[in-house]
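Novice: File follows, coords_15.tsv with TSV, C-alpha atoms and all ligand atoms:
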```
chain	number	residue	atom	x	y	z
A	1	MET	CA	-14.94	-15.02	-20.11
A	2	LEU	CA	-12.85	-11.87	-19.86
A	3	LYS	CA	-11.30	-9.94	-22.75
A	4	ILE	CA	-8.47	-7.56	-21.92
A	5	SER	CA	-7.34	-4.83	-24.34
A	6	PRO	CA	-4.57	-2.54	-23.08
A	7	LEU	CA	-5.43	0.53	-25.15
A	8	PHE	CA	-2.74	2.92	-23.90
A	9	SER	CA	-0.04	2.19	-21.36
A	10	GLY	CA	2.95	4.17	-20.14
A	11	SER	CA	4.03	7.30	-18.34
A	12	LYS	CA	2.04	9.47	-20.79
A	13	GLY	CA	-1.31	7.83	-20.08
A	14	ASN	CA	-3.11	4.63	-19.21
A	15	CYS	CA	-6.40	3.09	-20.28
A	16	THR	CA	-7.35	-0.60	-20.49
A	17	LEU	CA	-10.61	-2.10	-21.73
A	18	VAL	CA	-11.88	-5.09	-19.73
A	19	GLN	CA	-14.87	-6.89	-21.24
A	20	SER	CA	-17.03	-9.73	-19.94
A	21	ASP	CA	-20.08	-11.34	-21.56
A	22	LYS	CA	-22.23	-8.53	-20.17
A	23	VAL	CA	-20.14	-5.44	-19.44
A	24	ASN	CA	-17.43	-3.19	-20.89
A	25	ILE	CA	-15.25	-1.60	-18.22
A	26	LEU	CA	-12.55	1.02	-18.72
A	27	LEU	CA	-9.73	0.68	-16.23
A	28	ASP	CA	-8.51	4.27	-15.93
A	29	ALA	CA	-9.06	6.97	-18.55
A	30	GLY	CA	-5.69	8.64	-18.58
A	31	TYR	CA	-5.07	9.37	-22.21
A	32	GLY	CA	-6.57	11.78	-24.73
A	33	TYR	CA	-10.36	11.53	-24.89
A	34	ARG	CA	-10.42	11.40	-28.70
A	35	ALA	CA	-7.68	8.75	-28.81
A	36	ILE	CA	-9.62	6.56	-26.36
A	37	VAL	CA	-12.85	7.00	-28.34
A	38	ASN	CA	-11.01	6.07	-31.57
A	39	ALA	CA	-9.44	2.99	-29.95
A	40	LEU	CA	-12.89	1.89	-28.76
A	41	CYS	CA	-14.38	2.59	-32.19
A	42	GLU	CA	-11.80	0.22	-33.74
A	43	ARG	CA	-13.27	-2.43	-31.43
A	44	GLY	CA	-16.85	-1.64	-32.41
A	45	LEU	CA	-17.66	0.31	-29.25
A	46	GLU	CA	-18.91	3.82	-28.55
A	47	PRO	CA	-18.56	5.71	-25.25
A	48	LYS	CA	-22.20	4.90	-24.38
A	49	ASP	CA	-21.30	1.19	-24.52
A	50	ILE	CA	-18.92	1.56	-21.57
A	51	THR	CA	-20.64	0.28	-18.43
A	52	ALA	CA	-18.26	1.88	-15.93
A	53	ILE	CA	-14.87	3.51	-15.51
A	54	VAL	CA	-12.82	2.22	-12.59
A	55	VAL	CA	-10.02	4.50	-11.43
A	56	THR	CA	-6.78	3.42	-9.75
A	57	HIS	CA	-5.64	6.84	-8.47
A	58	GLU	CA	-5.77	10.55	-9.14
A	59	HIS	CA	-2.59	11.09	-11.19
A	60	THR	CA	-3.22	12.68	-14.57
A	61	ASP	CA	-1.84	9.72	-16.52
A	62	HIS	CA	-4.83	7.76	-15.12
A	63	ILE	CA	-7.70	10.26	-15.08
A	64	GLY	CA	-6.75	12.84	-17.73
A	65	ALA	CA	-9.73	12.08	-19.99
A	66	LEU	CA	-12.35	11.93	-17.21
A	67	PRO	CA	-13.54	15.56	-17.41
A	68	MET	CA	-14.09	15.36	-21.18
A	69	TRP	CA	-15.55	11.84	-21.00
A	70	THR	CA	-18.09	12.74	-18.34
A	71	ARG	CA	-19.08	15.86	-20.25
A	72	HIS	CA	-20.13	13.66	-23.18
A	73	THR	CA	-21.30	10.49	-21.46
A	74	ALA	CA	-22.53	9.99	-17.90
A	75	THR	CA	-20.65	6.71	-17.38
A	76	PRO	CA	-20.54	5.83	-13.66
A	77	VAL	CA	-17.06	6.18	-12.17
A	78	TYR	CA	-15.74	3.88	-9.42
A	79	ALA	CA	-12.78	4.95	-7.30
A	80	PRO	CA	-11.17	4.43	-3.89
A	81	MET	CA	-12.96	6.45	-1.20
A	82	PRO	CA	-10.09	8.88	-0.40
A	83	ILE	CA	-10.08	10.24	-3.97
A	84	CYS	CA	-13.83	10.31	-4.62
A	85	ASP	CA	-14.37	13.92	-3.52
A	86	LEU	CA	-11.45	15.03	-5.66
A	87	LEU	CA	-12.92	13.21	-8.68
A	88	ARG	CA	-16.39	14.67	-8.04
A	89	GLN	CA	-14.86	18.10	-8.65
A	90	ARG	CA	-13.57	16.97	-12.04
A	91	VAL	CA	-16.44	15.00	-13.51
A	92	TYR	CA	-19.56	16.52	-15.00
A	93	PHE	CA	-22.64	14.31	-15.30
A	94	SER	CA	-21.28	11.03	-13.91
A	95	GLU	CA	-21.86	9.61	-10.46
A	96	VAL	CA	-18.74	8.68	-8.53
A	97	HIS	CA	-19.04	5.49	-6.46
A	98	GLU	CA	-16.70	4.52	-3.67
A	99	VAL	CA	-15.20	1.09	-4.21
A	100	THR	CA	-15.32	-1.37	-1.37
A	101	GLU	CA	-13.00	-4.36	-0.89
A	102	ASP	CA	-15.19	-6.43	-3.23
A	103	PHE	CA	-17.91	-5.06	-5.49
A	104	ASP	CA	-19.77	-6.10	-8.61
A	105	ILE	CA	-20.21	-4.46	-11.99
A	106	GLY	CA	-22.65	-6.70	-13.89
A	107	ASP	CA	-21.18	-10.20	-14.09
A	108	VAL	CA	-17.72	-9.06	-12.95
A	109	THR	CA	-16.58	-9.02	-9.32
A	110	LEU	CA	-13.79	-6.56	-8.61
A	111	SER	CA	-11.45	-6.53	-5.66
A	112	THR	CA	-8.71	-4.06	-4.80
A	113	PHE	CA	-5.06	-4.10	-3.81
A	114	GLU	CA	-3.63	-1.09	-1.99
A	115	CYS	CA	-0.54	0.09	-3.86
A	116	SER	CA	2.48	1.83	-2.35
A	117	HIS	CA	2.55	5.02	-4.39
A	118	ASP	CA	2.85	8.76	-3.86
A	119	ALA	CA	-0.81	9.43	-4.62
A	120	VAL	CA	-3.60	10.35	-2.20
A	121	PHE	CA	-4.65	6.71	-2.60
A	122	CYS	CA	-3.84	4.11	-5.25
A	123	VAL	CA	-5.19	0.62	-5.89
A	124	GLY	CA	-4.77	-2.23	-8.33
A	125	TYR	CA	-7.83	-4.22	-9.38
A	126	LYS	CA	-8.67	-7.88	-9.80
A	127	PHE	CA	-11.54	-8.79	-12.13
A	128	THR	CA	-13.33	-12.13	-11.77
A	129	SER	CA	-16.04	-13.39	-14.10
A	130	GLY	CA	-16.91	-17.07	-13.87
A	131	GLN	CA	-13.60	-18.94	-13.97
A	132	SER	CA	-11.70	-16.02	-15.52
A	133	VAL	CA	-9.46	-13.98	-13.24
A	134	PHE	CA	-7.36	-10.99	-14.33
A	135	ALA	CA	-5.51	-8.39	-12.29
A	136	CYS	CA	-3.80	-5.13	-13.11
A	137	VAL	CA	-1.30	-3.56	-10.71
A	138	THR	CA	0.74	-0.52	-11.73
A	139	ASP	CA	2.04	2.51	-9.85
A	140	THR	CA	3.44	0.71	-6.86
A	141	GLY	CA	6.93	1.00	-5.45
A	142	CYS	CA	7.60	-2.27	-3.69
A	143	VAL	CA	7.35	-6.01	-4.02
A	144	THR	CA	5.45	-7.57	-1.13
A	145	GLU	CA	3.99	-10.94	-0.26
A	146	ASP	CA	0.56	-9.29	-0.39
A	147	LEU	CA	1.17	-8.29	-4.01
A	148	VAL	CA	2.20	-11.83	-4.94
A	149	ASP	CA	-0.82	-13.28	-3.09
A	150	PHE	CA	-3.14	-10.86	-4.92
A	151	LEU	CA	-1.81	-11.95	-8.33
A	152	THR	CA	-1.50	-15.68	-7.65
A	153	PRO	CA	-5.10	-16.72	-8.51
A	154	CYS	CA	-5.03	-14.92	-11.87
A	155	SER	CA	-4.52	-16.55	-15.24
A	156	ALA	CA	-3.53	-13.20	-16.77
A	157	ILE	CA	-1.91	-10.19	-15.13
A	158	MET	CA	-0.96	-6.72	-16.20
A	159	LEU	CA	2.00	-5.66	-14.12
A	160	GLU	CA	4.06	-2.51	-14.11
A	161	SER	CA	7.61	-2.76	-15.47
A	162	ASN	CA	8.35	0.94	-15.35
A	163	HIS	CA	12.07	1.47	-15.66
A	164	ASP	CA	15.51	0.01	-16.01
A	165	GLU	CA	17.34	1.17	-12.89
A	166	ASP	CA	20.60	1.91	-14.71
A	167	MET	CA	18.86	3.92	-17.44
A	168	LEU	CA	17.01	5.90	-14.80
A	169	LYS	CA	20.14	6.58	-12.72
A	170	ARG	CA	22.15	7.64	-15.80
A	171	GLY	CA	19.26	9.53	-17.37
A	172	GLU	CA	18.29	13.19	-17.48
A	173	TYR	CA	15.67	13.26	-14.68
A	174	SER	CA	16.36	15.49	-11.69
A	175	VAL	CA	17.80	13.87	-8.57
A	176	SER	CA	14.53	14.38	-6.70
A	177	LEU	CA	12.46	12.77	-9.48
A	178	LYS	CA	14.88	9.83	-9.69
A	179	ARG	CA	14.60	9.42	-5.92
A	180	ARG	CA	10.82	9.53	-6.13
A	181	ILE	CA	10.61	6.85	-8.84
A	182	LEU	CA	13.11	4.57	-7.06
A	183	SER	CA	11.44	4.98	-3.65
A	184	PRO	CA	9.00	2.48	-2.13
A	185	TYR	CA	6.27	4.96	-3.22
A	186	GLY	CA	7.36	5.15	-6.84
A	187	HIS	CA	7.22	2.57	-9.61
A	188	LEU	CA	8.35	-1.04	-10.09
A	189	SER	CA	11.62	-1.47	-11.99
A	190	ASN	CA	12.17	-4.27	-14.49
A	191	ALA	CA	14.18	-6.11	-11.81
A	192	GLN	CA	11.38	-5.76	-9.23
A	193	THR	CA	8.83	-7.02	-11.75
A	194	ALA	CA	11.10	-10.00	-12.42
A	195	GLN	CA	11.13	-10.67	-8.66
A	196	VAL	CA	7.32	-10.82	-8.68
A	197	LEU	CA	7.31	-13.16	-11.69
A	198	ASP	CA	9.88	-15.36	-9.95
A	199	LYS	CA	7.48	-15.78	-7.02
A	200	LEU	CA	4.55	-16.45	-9.36
A	201	VAL	CA	6.20	-19.44	-11.06
A	202	GLY	CA	3.94	-22.42	-10.38
A	203	SER	CA	0.84	-20.19	-9.99
A	204	HIS	CA	-2.07	-19.98	-12.42
A	205	VAL	CA	-0.52	-17.03	-14.27
A	206	LYS	CA	-0.08	-17.89	-17.95
A	207	THR	CA	-0.20	-14.43	-19.56
A	208	VAL	CA	1.81	-11.43	-18.42
A	209	VAL	CA	1.36	-7.95	-19.84
A	210	LEU	CA	4.26	-5.71	-18.85
A	211	SER	CA	2.89	-2.20	-18.59
A	212	HIS	CA	3.40	1.45	-17.63
A	213	LEU	CA	6.87	1.53	-19.23
A	214	SER	CA	8.77	4.79	-18.94
A	215	GLU	CA	9.49	6.30	-22.34
A	216	LYS	CA	12.79	7.77	-21.16
A	217	ASN	CA	14.06	5.15	-18.72
A	218	ASN	CA	13.15	1.83	-20.30
A	219	THR	CA	12.89	-0.01	-23.58
A	220	ARG	CA	10.48	-2.74	-24.63
A	221	GLU	CA	13.43	-5.11	-25.15
A	222	LEU	CA	14.90	-4.51	-21.67
A	223	ALA	CA	11.52	-5.07	-19.99
A	224	PHE	CA	10.72	-8.16	-22.05
A	225	ASN	CA	14.17	-9.71	-21.65
A	226	SER	CA	14.20	-9.11	-17.90
A	227	ALA	CA	10.86	-10.93	-17.52
A	228	VAL	CA	11.75	-13.79	-19.85
A	229	ARG	CA	15.14	-14.33	-18.16
A	230	VAL	CA	13.46	-15.21	-14.88
A	231	LEU	CA	10.99	-17.58	-16.57
A	232	THR	CA	13.81	-19.29	-18.49
A	233	ALA	CA	15.72	-19.75	-15.24
A	234	HIS	CA	12.81	-21.89	-14.05
A	235	GLY	CA	12.82	-23.94	-17.24
A	236	LEU	CA	9.73	-22.23	-18.65
A	237	VAL	CA	9.48	-21.34	-22.33
A	238	GLU	CA	8.02	-17.94	-23.22
A	239	GLY	CA	5.28	-18.38	-25.81
A	240	ARG	CA	4.59	-21.94	-24.71
A	241	ASP	CA	4.33	-22.03	-20.90
A	242	VAL	CA	3.85	-18.32	-20.27
A	243	ILE	CA	3.15	-15.57	-22.81
A	244	VAL	CA	4.72	-12.17	-22.18
A	245	TYR	CA	3.39	-9.04	-23.89
A	246	VAL	CA	4.68	-5.51	-23.57
A	247	ALA	CA	1.83	-2.98	-23.60
A	248	GLU	CA	2.43	0.04	-25.78
A	249	GLN	CA	1.96	3.73	-25.12
A	250	TYR	CA	0.45	4.73	-28.42
A	251	LYS	CA	-0.95	1.81	-30.36
A	252	ASN	CA	-2.09	-1.32	-28.65
A	253	GLY	CA	-3.58	-3.93	-30.93
A	254	VAL	CA	-3.49	-6.91	-28.63
A	255	THR	CA	-6.60	-8.39	-27.00
A	256	ILE	CA	-6.20	-11.20	-24.50
A	257	CYS	CA	-9.05	-13.65	-23.96
A	258	ILE	CA	-9.33	-15.56	-20.70
A	259	ASP	CA	-11.85	-18.42	-20.59
B	1	ZN	ZN	0.78	7.41	-10.40
B	2	ZN	ZN	0.84	6.14	-13.59
```
What is this structure when it is put down as structure tokens?
Specialist:
Amino acid sequence: MLKISPLFSGSKGNCTLVQSDKVNILLDAGYGYRAIVNALCERGLEPKDITAIVVTHEHTDHIGALPMWTRHTATPVYAPMPICDLLRQRVYFSEVHEVTEDFDIGDVTLSTFECSHDAVFCVGYKFTSGQSVFACVTDTGCVTEDLVDFLTPCSAIMLESNHDEDMLKRGEYSVSLKRRILSPYGHLSNAQTAQVLDKLVGSHVKTVVLSHLSEKNNTRELAFNSAVRVLTAHGLVEGRDVIVYVAEQYKNGVTICID
């Protein structure tokens, strides 16, 4: 069994709680420390109940709370090797472990996917516990066969749907920032996410959480409609055949259970 709670998701910060029968894992800690503690408290958890924090990459919207967290609680941190030294300079009492291709935390096996992103190194993670398989991939700039293959065995996925291309192009960001986001090392647009979903039709994926939405260059409706349009084109009914959620930046109440 796996329970997935996207606590905070978006350009301002990211943190997802992944629970199995035996462990509680935080996937990234990129939001305010107090806000994360409060969100956990609402779920009956304290910081000491967190078994490990696994980090995708070193951008602030993914690790912002690590210094404060590791000052209060020595939760072990797992991260890709190229960013471990950098993290060791920012954490206090915690040990930083290098992730390998596959590794275990309690009854959960994790594997990594190398993202295409303008970070020192960035990965997505797949979590497997018994028959339950969940993956989260955000902060990646291109759709590849490898990405589709990584997501195919999952029954639930959390996938970036960062921006609407037209909103971004018309919006107030500088030309260089627009170029960065649209590049193969930026973020997935709604249309790119729809491309991934198109390729996943017929796979095990039954729950999709659209995540890491830009506050300025996207809306929940645009992201949701873009994803549902591609499912409908294949004759699938959202809510019956596939459930689509949109993770929120500030207040995420949803918890997804995968048996
Ligand atoms: Zn990033
Ligand atoms: Zn990010």
Novice: Report the distance between atom CA of A:Ser189 and atom CA of A:Thr140 in Å, rounded to one decimal place.
Specialist: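 About the pair atom CA of A:Ser189 and atom CA of A:Thr140: they are 9.9 Å apart.
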Novice: Mind listing the residues within 8 Å of ligand ZN 1 (chain B), only C-alpha atoms and all ligand atoms counted, as a compact mmCIF listing (two decimals) with C-alpha atoms, in the frame of the given file?
Specialist:
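Once everything was written out, this is selection_12.txt:
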```txt
# COMPACT_ATOMS: atom_id res chain seq x y z
CA HIS A 57 -5.64 6.84 -8.47
CA GLU A 58 -5.77 10.55 -9.14
CA HIS A 59 -2.59 11.09 -11.19
CA THR A 60 -3.22 12.68 -14.57
CA ASP A 61 -1.84 9.72 -16.52
CA HIS A 62 -4.83 7.76 -15.12
CA HIS A 117 2.55 5.02 -4.39
CA ASP A 118 2.85 8.76 -3.86
CA ALA A 119 -0.81 9.43 -4.62
CA CYS A 122 -3.84 4.11 -5.25
CA ASP A 139 2.04 2.51 -9.85
CA GLY A 186 7.36 5.15 -6.84
```
Novice: Taking only C-alpha atoms and all ligand atoms into account, which residues have an atom no farther than 12 Å from ligand ZN 2 (chain B)? I'd like them as a PyMOL selection string.
Specialist: chain A and resi 8-15+28-31+55-64+115+117-119+122-124+137-141+159-162+181+185-188+211-214+249
Novice: Any chance you can output those residues with C-alpha atoms as a PDB file, in the frame of the given file?
Specialist:
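For reference, selection_14.pdb as written:
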```
ATOM      1  CA  PHE A   8      -2.740   2.920 -23.900  1.00  0.00           C
ATOM      2  CA  SER A   9      -0.040   2.190 -21.360  1.00  0.00           C
ATOM      3  CA  GLY A  10       2.950   4.170 -20.140  1.00  0.00           C
ATOM      4  CA  SER A  11       4.030   7.300 -18.340  1.00  0.00           C
ATOM      5  CA  LYS A  12       2.040   9.470 -20.790  1.00  0.00           C
ATOM      6  CA  GLY A  13      -1.310   7.830 -20.080  1.00  0.00           C
ATOM      7  CA  ASN A  14      -3.110   4.630 -19.210  1.00  0.00           C
ATOM      8  CA  CYS A  15      -6.400   3.090 -20.280  1.00  0.00           C
ATOM      9  CA  ASP A  28      -8.510   4.270 -15.930  1.00  0.00           C
ATOM     10  CA  ALA A  29      -9.060   6.970 -18.550  1.00  0.00           C
ATOM     11  CA  GLY A  30      -5.690   8.640 -18.580  1.00  0.00           C
ATOM     12  CA  TYR A  31      -5.070   9.370 -22.210  1.00  0.00           C
ATOM     13  CA  VAL A  55     -10.020   4.500 -11.430  1.00  0.00           C
ATOM     14  CA  THR A  56      -6.780   3.420  -9.750  1.00  0.00           C
ATOM     15  CA  HIS A  57      -5.640   6.840  -8.470  1.00  0.00           C
ATOM     16  CA  GLU A  58      -5.770  10.550  -9.140  1.00  0.00           C
ATOM     17  CA  HIS A  59      -2.590  11.090 -11.190  1.00  0.00           C
ATOM     18  CA  THR A  60      -3.220  12.680 -14.570  1.00  0.00           C
ATOM     19  CA  ASP A  61      -1.840   9.720 -16.520  1.00  0.00           C
ATOM     20  CA  HIS A  62      -4.830   7.760 -15.120  1.00  0.00           C
ATOM     21  CA  ILE A  63      -7.700  10.260 -15.080  1.00  0.00           C
ATOM     22  CA  GLY A  64      -6.750  12.840 -17.730  1.00  0.00           C
ATOM     23  CA  CYS A 115      -0.540   0.090  -3.860  1.00  0.00           C
ATOM     24  CA  HIS A 117       2.550   5.020  -4.390  1.00  0.00           C
ATOM     25  CA  ASP A 118       2.850   8.760  -3.860  1.00  0.00           C
ATOM     26  CA  ALA A 119      -0.810   9.430  -4.620  1.00  0.00           C
ATOM     27  CA  CYS A 122      -3.840   4.110  -5.250  1.00  0.00           C
ATOM     28  CA  VAL A 123      -5.190   0.620  -5.890  1.00  0.00           C
ATOM     29  CA  GLY A 124      -4.770  -2.230  -8.330  1.00  0.00           C
ATOM     30  CA  VAL A 137      -1.300  -3.560 -10.710  1.00  0.00           C
ATOM     31  CA  THR A 138       0.740  -0.520 -11.730  1.00  0.00           C
ATOM     32  CA  ASP A 139       2.040   2.510  -9.850  1.00  0.00           C
ATOM     33  CA  THR A 140       3.440   0.710  -6.860  1.00  0.00           C
ATOM     34  CA  GLY A 141       6.930   1.000  -5.450  1.00  0.00           C
ATOM     35  CA  LEU A 159       2.000  -5.660 -14.120  1.00  0.00           C
ATOM     36  CA  GLU A 160       4.060  -2.510 -14.110  1.00  0.00           C
ATOM     37  CA  SER A 161       7.610  -2.760 -15.470  1.00  0.00           C
ATOM     38  CA  ASN A 162       8.350   0.940 -15.350  1.00  0.00           C
ATOM     39  CA  ILE A 181      10.610   6.850  -8.840  1.00  0.00           C
ATOM     40  CA  TYR A 185       6.270   4.960  -3.220  1.00  0.00           C
ATOM     41  CA  GLY A 186       7.360   5.150  -6.840  1.00  0.00           C
ATOM     42  CA  HIS A 187       7.220   2.570  -9.610  1.00  0.00           C
ATOM     43  CA  LEU A 188       8.350  -1.040 -10.090  1.00  0.00           C
ATOM     44  CA  SER A 211       2.890  -2.200 -18.590  1.00  0.00           C
ATOM     45  CA  HIS A 212       3.400   1.450 -17.630  1.00  0.00           C
ATOM     46  CA  LEU A 213       6.870   1.530 -19.230  1.00  0.00           C
ATOM     47  CA  SER A 214       8.770   4.790 -18.940  1.00  0.00           C
ATOM     48  CA  GLN A 249       1.960   3.730 -25.120  1.00  0.00           C
TER      49      GLN A 249
END
```
Novice: Rounded to one decimal, what separation in Å do you get between atom CA of A:Cys257 and atom CA of A:Val133?
Specialist: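 Result for atom CA of A:Cys257 versus atom CA of A:Val133: 10.7 Å, one decimal.
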Novice: Between A:Leu110, A:Leu210, A:Ala135, A:Ala39, which one has atoms that come closest to A:Thr193, using all atoms listed in the file?
Specialist: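 Ranked by minimum distance to A:Thr193, first place goes to A:Leu210.
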Novice: Which distance in Å separates atom CA of A:Pro76 and atom CA of A:Arg88, to one decimal?
Specialist: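 These atoms are spaced 11.3 Å apart.
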Novice: Compare A:Ile157, A:Asp164, A:Glu114, A:Val175 by their minimum atom-to-atom distance to A:Ala247, counting all atoms listed in the file, and give me the closest one.
Specialist: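 With all atoms listed in the file as the atom set, the closest residue is A:Ile157.
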Novice: Counting all atoms listed in the file, what is within 8 Å of A:Val244, bar same-chain residues fewer than 5 positions away, as a PDB file with C-alpha atoms, in the coordinates of the input?
Specialist:
```pdb
ATOM      1  CA  THR A 207      -0.200 -14.430 -19.560  1.00  0.00           C
ATOM      2  CA  VAL A 208       1.810 -11.430 -18.420  1.00  0.00           C
ATOM      3  CA  VAL A 209       1.360  -7.950 -19.840  1.00  0.00           C
ATOM      4  CA  LEU A 210       4.260  -5.710 -18.850  1.00  0.00           C
ATOM      5  CA  PHE A 224      10.720  -8.160 -22.050  1.00  0.00           C
ATOM      6  CA  ALA A 227      10.860 -10.930 -17.520  1.00  0.00           C
ATOM      7  CA  VAL A 228      11.750 -13.790 -19.850  1.00  0.00           C
ATOM      8  CA  GLU A 238       8.020 -17.940 -23.220  1.00  0.00           C
ATOM      9  CA  GLY A 239       5.280 -18.380 -25.810  1.00  0.00           C
TER      10      GLY A 239
END
```
Novice: Pick out the closest residue to A:Trp69 from this set: A:Gly32, A:Pro153, A:Gly253, A:Gly171. Count all atoms listed in the file.
Specialist: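 Among the listed residues, the smallest separation from A:Trp69 belongs to A:Gly32.
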Novice: Taking 6 positions as the minimum chain separation for residues in the same chain, which residues sit within 9 Å of stretch 229-231 of chain A when counting all atoms listed in the file? Answer as an mmCIF file with C-alpha atoms, in the coordinates of the input.
Specialist:
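The file below, out30.cif, is the result:
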```cif
data_model
loop_
_atom_site.group_PDB
_atom_site.id
_atom_site.type_symbol
_atom_site.label_atom_id
_atom_site.label_comp_id
_atom_site.auth_asym_id
_atom_site.auth_seq_id
_atom_site.Cartn_x
_atom_site.Cartn_y
_atom_site.Cartn_z
ATOM 1 C CA ALA A 194 11.100 -10.000 -12.420
ATOM 2 C CA GLN A 195 11.130 -10.670 -8.660
ATOM 3 C CA LEU A 197 7.310 -13.160 -11.690
ATOM 4 C CA ASP A 198 9.880 -15.360 -9.950
ATOM 5 C CA VAL A 201 6.200 -19.440 -11.060
ATOM 6 C CA VAL A 237 9.480 -21.340 -22.330
ATOM 7 C CA GLU A 238 8.020 -17.940 -23.220
ATOM 8 C CA VAL A 242 3.850 -18.320 -20.270
#
```
Novice: Show me the residues close to (-5.1, -7.8, -7.1) - anything with an atom within 8 Å, counting all atoms listed in the file - and format the list as a list in words.
Specialist: Ser111, Thr112, Phe113, Gly124, Tyr125, Lys126, Ala135, Cys136, Val137, Leu147, Phe150 and Leu151 of chain A
Novice: Identify the residues around (-23.0, 14.8, -18.6) within a radius of 12 Å, measuring from only C-alpha atoms in the coordinates stated by the file, and give them as a ChimeraX atom specification.
Specialist: /A:48,66-76,90-95
Novice: Name the residues in contact with A:Thr100 at a cut-off of 10 Å, using only C-alpha atoms, excluding same-chain residues fewer than 3 positions from it; report them as a ChimeraX atom specification.
Specialist: /A:78-81,97,103-104,110-112
Novice: Choose the residue, out of A:Leu2, A:Leu87, A:Leu236, A:Leu27, that has the smallest atom-to-atom separation from A:Ser155; count all atoms listed in the file.
Specialist: A:Leu2
Novice: Quick one: of A:Lys22, A:Arg34, A:Arg180, A:Arg43, who's nearest to A:Ser5, counting all atoms listed in the file?
Specialist: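 The shortest atom-to-atom distance to A:Ser5 comes from A:Arg43.
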Novice: Give me the residues near A:Leu222 as a list in words, where near means some atom within 8 Å (using all atoms listed in the file) and where sequence neighbours in that chain fewer than 4 positions away do not count.
Specialist: Asp164, Asn190, Asn218 and Ser226 of chain A
Novice: Show me that you can extract stretch 209-223 of chain A, keeping N, CA and C atoms, and write it as a PDB file, in the first residue's frame.
Specialist:
```
ATOM      1  N   VAL A 209      -1.824  13.103 -11.064  1.00  0.00           N
ATOM      2  CA  VAL A 209      -1.815  14.357 -10.314  1.00  0.00           C
ATOM      3  C   VAL A 209      -0.963  15.347 -11.097  1.00  0.00           C
ATOM      4  N   LEU A 210      -1.622  16.353 -11.668  1.00  0.00           N
ATOM      5  CA  LEU A 210      -0.891  17.394 -12.393  1.00  0.00           C
ATOM      6  C   LEU A 210      -0.260  18.312 -11.360  1.00  0.00           C
ATOM      7  N   SER A 211       1.024  18.606 -11.532  1.00  0.00           N
ATOM      8  CA  SER A 211       1.716  19.302 -10.441  1.00  0.00           C
ATOM      9  C   SER A 211       2.674  20.369 -10.952  1.00  0.00           C
ATOM     10  N   HIS A 212       3.269  21.083  -9.979  1.00  0.00           N
ATOM     11  CA  HIS A 212       4.249  22.144 -10.262  1.00  0.00           C
ATOM     12  C   HIS A 212       3.697  23.174 -11.246  1.00  0.00           C
ATOM     13  N   LEU A 213       2.428  23.566 -11.053  1.00  0.00           N
ATOM     14  CA  LEU A 213       1.832  24.588 -11.925  1.00  0.00           C
ATOM     15  C   LEU A 213       2.448  25.955 -11.636  1.00  0.00           C
ATOM     16  N   SER A 214       2.680  26.711 -12.689  1.00  0.00           N
ATOM     17  CA  SER A 214       3.142  28.083 -12.539  1.00  0.00           C
ATOM     18  C   SER A 214       1.962  28.953 -12.110  1.00  0.00           C
ATOM     19  N   GLU A 215       2.218  29.822 -11.121  1.00  0.00           N
ATOM     20  CA  GLU A 215       1.133  30.688 -10.649  1.00  0.00           C
ATOM     21  C   GLU A 215       0.794  31.769 -11.680  1.00  0.00           C
ATOM     22  N   LYS A 216       1.822  32.182 -12.431  1.00  0.00           N
ATOM     23  CA  LYS A 216       1.639  33.285 -13.381  1.00  0.00           C
ATOM     24  C   LYS A 216       1.268  32.825 -14.781  1.00  0.00           C
ATOM     25  N   ASN A 217       1.692  31.623 -15.146  1.00  0.00           N
ATOM     26  CA  ASN A 217       1.602  31.196 -16.554  1.00  0.00           C
ATOM     27  C   ASN A 217       0.713  29.983 -16.762  1.00  0.00           C
ATOM     28  N   ASN A 218      -0.193  29.728 -15.827  1.00  0.00           N
ATOM     29  CA  ASN A 218      -1.078  28.577 -15.969  1.00  0.00           C
ATOM     30  C   ASN A 218      -2.307  28.794 -15.085  1.00  0.00           C
ATOM     31  N   THR A 219      -3.342  28.042 -15.357  1.00  0.00           N
ATOM     32  CA  THR A 219      -4.468  27.986 -14.429  1.00  0.00           C
ATOM     33  C   THR A 219      -4.805  26.517 -14.220  1.00  0.00           C
ATOM     34  N   ARG A 220      -5.491  26.245 -13.132  1.00  0.00           N
ATOM     35  CA  ARG A 220      -5.883  24.858 -12.837  1.00  0.00           C
ATOM     36  C   ARG A 220      -6.793  24.327 -13.942  1.00  0.00           C
ATOM     37  N   GLU A 221      -7.671  25.193 -14.448  1.00  0.00           N
ATOM     38  CA  GLU A 221      -8.626  24.779 -15.486  1.00  0.00           C
ATOM     39  C   GLU A 221      -7.885  24.419 -16.775  1.00  0.00           C
ATOM     40  N   LEU A 222      -6.929  25.271 -17.186  1.00  0.00           N
ATOM     41  CA  LEU A 222      -6.196  24.996 -18.430  1.00  0.00           C
ATOM     42  C   LEU A 222      -5.444  23.673 -18.326  1.00  0.00           C
ATOM     43  N   ALA A 223      -4.777  23.449 -17.196  1.00  0.00           N
ATOM     44  CA  ALA A 223      -4.009  22.209 -17.021  1.00  0.00           C
ATOM     45  C   ALA A 223      -4.934  20.993 -17.031  1.00  0.00           C
TER      46      ALA A 223
END
```
